[in-house]
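Data first, discussion second: the structure below is written as structure tokens.
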Amino acid sequence: MTEKEIIDKYKYMFLDNFKFECGSGWNSLIYLTLSFLSDIDTKKLIEIFQIKEKLGGLRINLNYDKLKENLSKEEWEDIFNKIFWQLNQFEQLSYTLCENDGKSGKLRKDLDWIQTLCDDCYKLERDALNSRLVDLLCSGLLTSNDI
């Protein structure tokens with residue numbers, strides 16, 4: 001599913017002009033997460049204010065205010081605990097999926113940015129990083145002492 005299709009399907013959860021701040025390789029995981037949220041939030045009160053990559057993992061940040069205001073304390077605590085636990089499970093799963101293409105991946109900490117990537121995407125990112133380093137060395141903006 002594309003980002004647009006996901007946003008269109010769960011439009012009530014998003015502000016206008018919402019954009020994912022992560023690669024499309026996680027779209028299926030995002031879709032599963034929103035499907036779970038939709039099932040648990042039957043009153044359609046949860047708002048998503050951010051979907052992003054952070055430190056190589058998927059983060060989905062929610063605004064619970066309307067949900068909390070419209071539920072009893074017991075209902076709120078039950079739903080919050082379920083949501084928190086499930087979001088954590090989806091986040092952990094994101095560390096096994098390439099952010100770029102959704103293939104099996106692993107956390108890569110030796111790039112400019114900590115990312116979860118498959119072997120193919122990792123090689124492309126390493127090659128691009130090496131190319132940038134060579135360009136900086138050749139231009140004199142970086143010396144071998146800086147590396």
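Quick note on naming: the chains in the structure tokens go A, B, ... in the order shown, residues restart at 1 in each chain, and ligands are numbered from 1 in order of appearance.
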* To do: Please identify all polymer residues within 10 Å of A:Asn70, counting only C-alpha atoms, omitting same-chain residues fewer than 6 positions from it, and present them as a PyMOL selection string.
  => chain A and resi 43+45+76
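Within 10 Å of A:Glu5, once only C-alpha atoms are used and residues closer than 5 positions along the same chain are dropped, the contacting residues are A:Tyr10, A:Lys11, A:Asn27, A:Tyr31.
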Keeping only C-alpha atoms, write those residues as a PDB file, in the first residue's frame.
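Written file, again-v7.pdb:
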ATOM      1  CA  TYR A  10      -7.465   6.237   7.825  1.00  0.00           C
ATOM      2  CA  LYS A  11      -8.071   9.899   6.997  1.00  0.00           C
ATOM      3  CA  ASN A  27       4.213   1.021   4.732  1.00  0.00           C
ATOM      4  CA  TYR A  31      -0.904  -0.145   7.675  1.00  0.00           C
TER       5      TYR A  31
END
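Minimum distance to A:Glu91 across A:Leu58, A:Ile6, A:Cys138, A:Leu71 (counting only C-alpha atoms) occurs at A:Leu58.
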Report the residues of stretch 26-132 of chain A whose backbone DSSP state falls under strand (DSSP E or B), written as a PDB file with C-alpha atoms, in the first residue's frame.
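Below is the file that was written, selection.pdb:
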ATOM      1  CA  GLU A  47      -5.021  11.387  16.245  1.00  0.00           C
ATOM      2  CA  ILE A  48      -1.637  10.647  14.719  1.00  0.00           C
ATOM      3  CA  PHE A  49       0.673  13.626  14.727  1.00  0.00           C
ATOM      4  CA  GLN A  50       3.836  11.929  13.489  1.00  0.00           C
ATOM      5  CA  ILE A  51       5.050   8.777  11.748  1.00  0.00           C
ATOM      6  CA  LYS A  52       8.823   8.764  11.459  1.00  0.00           C
ATOM      7  CA  GLU A  53      12.085   6.903  11.589  1.00  0.00           C
ATOM      8  CA  LYS A  54      14.096   7.460  14.740  1.00  0.00           C
ATOM      9  CA  GLY A  57      13.112   2.239  14.121  1.00  0.00           C
ATOM     10  CA  LEU A  58       9.532   3.183  13.310  1.00  0.00           C
ATOM     11  CA  ARG A  59       7.885   5.684  15.650  1.00  0.00           C
ATOM     12  CA  ILE A  60       4.192   6.470  15.538  1.00  0.00           C
ATOM     13  CA  ASN A  61       3.319   9.344  17.850  1.00  0.00           C
ATOM     14  CA  LEU A  62      -0.290   9.747  18.917  1.00  0.00           C
ATOM     15  CA  ASN A  63      -2.453  12.378  20.527  1.00  0.00           C
ATOM     16  CA  LEU A  97      12.468  -4.727   7.970  1.00  0.00           C
ATOM     17  CA  SER A 104      14.415  -8.466   5.674  1.00  0.00           C
ATOM     18  CA  LYS A 106      18.943  -5.193  10.210  1.00  0.00           C
ATOM     19  CA  LEU A 107      20.002  -2.142  12.145  1.00  0.00           C
ATOM     20  CA  ARG A 108      23.019  -0.406  10.569  1.00  0.00           C
ATOM     21  CA  GLN A 115      18.963   2.901   9.665  1.00  0.00           C
ATOM     22  CA  THR A 116      17.393  -0.524   9.326  1.00  0.00           C
ATOM     23  CA  LEU A 117      18.326  -1.748   5.853  1.00  0.00           C
TER      24      LEU A 117
END
* Asked: Given the choices A:Trp85, A:Tyr64, A:Trp113, A:Phe90, which gets closest to A:Leu29 if the distance is worked out from only C-alpha atoms?
  ->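 So, comparing all the options, the nearest one is A:Phe90.
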Do a neighbour search on A:Ile40 at 12 Å with only C-alpha atoms, toss out local chain neighbours closer than 4 positions, and write the hits as a compact mmCIF listing (two decimals) with N, CA and C atoms, in the first residue's frame.
# COMPACT_ATOMS: atom_id res chain seq x y z
N THR A 33 -0.38 -1.32 11.82
CA THR A 33 -0.50 -0.54 13.05
C THR A 33 -1.79 0.26 13.06
N LEU A 34 -2.08 0.94 11.94
CA LEU A 34 -3.29 1.76 11.89
C LEU A 34 -4.55 0.90 11.90
N SER A 35 -4.48 -0.27 11.31
CA SER A 35 -5.60 -1.20 11.35
C SER A 35 -5.88 -1.61 12.80
N PHE A 36 -4.83 -1.91 13.55
CA PHE A 36 -4.98 -2.22 14.96
C PHE A 36 -5.60 -1.04 15.72
N LYS A 44 -13.18 6.55 17.02
CA LYS A 44 -12.35 7.34 16.10
C LYS A 44 -11.85 8.64 16.76
N LEU A 45 -11.21 8.48 17.89
CA LEU A 45 -10.74 9.63 18.65
C LEU A 45 -9.23 9.80 18.66
N ILE A 46 -8.49 8.78 18.27
CA ILE A 46 -7.03 8.87 18.26
C ILE A 46 -6.58 9.72 17.07
N LEU A 67 -9.45 10.75 23.20
CA LEU A 67 -9.75 9.40 23.68
C LEU A 67 -9.87 9.40 25.21
N GLU A 75 -11.45 2.30 31.40
CA GLU A 75 -11.40 2.07 29.95
C GLU A 75 -10.14 2.68 29.35
N TRP A 76 -9.84 3.91 29.78
CA TRP A 76 -8.67 4.62 29.27
C TRP A 76 -7.39 3.83 29.58
N ASP A 78 -7.02 0.66 30.22
CA ASP A 78 -7.01 -0.59 29.46
C ASP A 78 -6.60 -0.35 28.01
N ILE A 79 -7.23 0.62 27.37
CA ILE A 79 -6.91 0.90 25.96
C ILE A 79 -5.49 1.43 25.82
N PHE A 80 -5.10 2.34 26.72
CA PHE A 80 -3.74 2.89 26.63
C PHE A 80 -2.70 1.78 26.74
N ASN A 81 -2.87 0.87 27.69
CA ASN A 81 -1.91 -0.23 27.86
C ASN A 81 -1.85 -1.12 26.62
N LYS A 82 -3.00 -1.41 26.03
CA LYS A 82 -3.02 -2.21 24.80
C LYS A 82 -2.30 -1.49 23.66
N ILE A 83 -2.59 -0.22 23.51
CA ILE A 83 -1.96 0.56 22.43
C ILE A 83 -0.46 0.64 22.65
N PHE A 84 -0.05 0.98 23.87
CA PHE A 84 1.37 1.12 24.17
C PHE A 84 2.11 -0.18 23.89
N GLN A 86 1.19 -2.69 21.90
CA GLN A 86 1.18 -3.03 20.48
C GLN A 86 2.11 -2.13 19.68
* Asked: In chain A, what's helix (DSSP H, G or I) per DSSP? Answer as a VMD selection string?
  -> chain A and resid 3 to 9 11 to 13 24 to 40 65 to 69 73 to 94 119 to 139 144 to 146
* Counting only C-alpha atoms, the option among A:Glu69, A:Glu125, A:Asp112, A:Asp16 closest to A:Leu55 ->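 Looking only at the distances to A:Leu55, the closest residue turns out to be A:Asp112.
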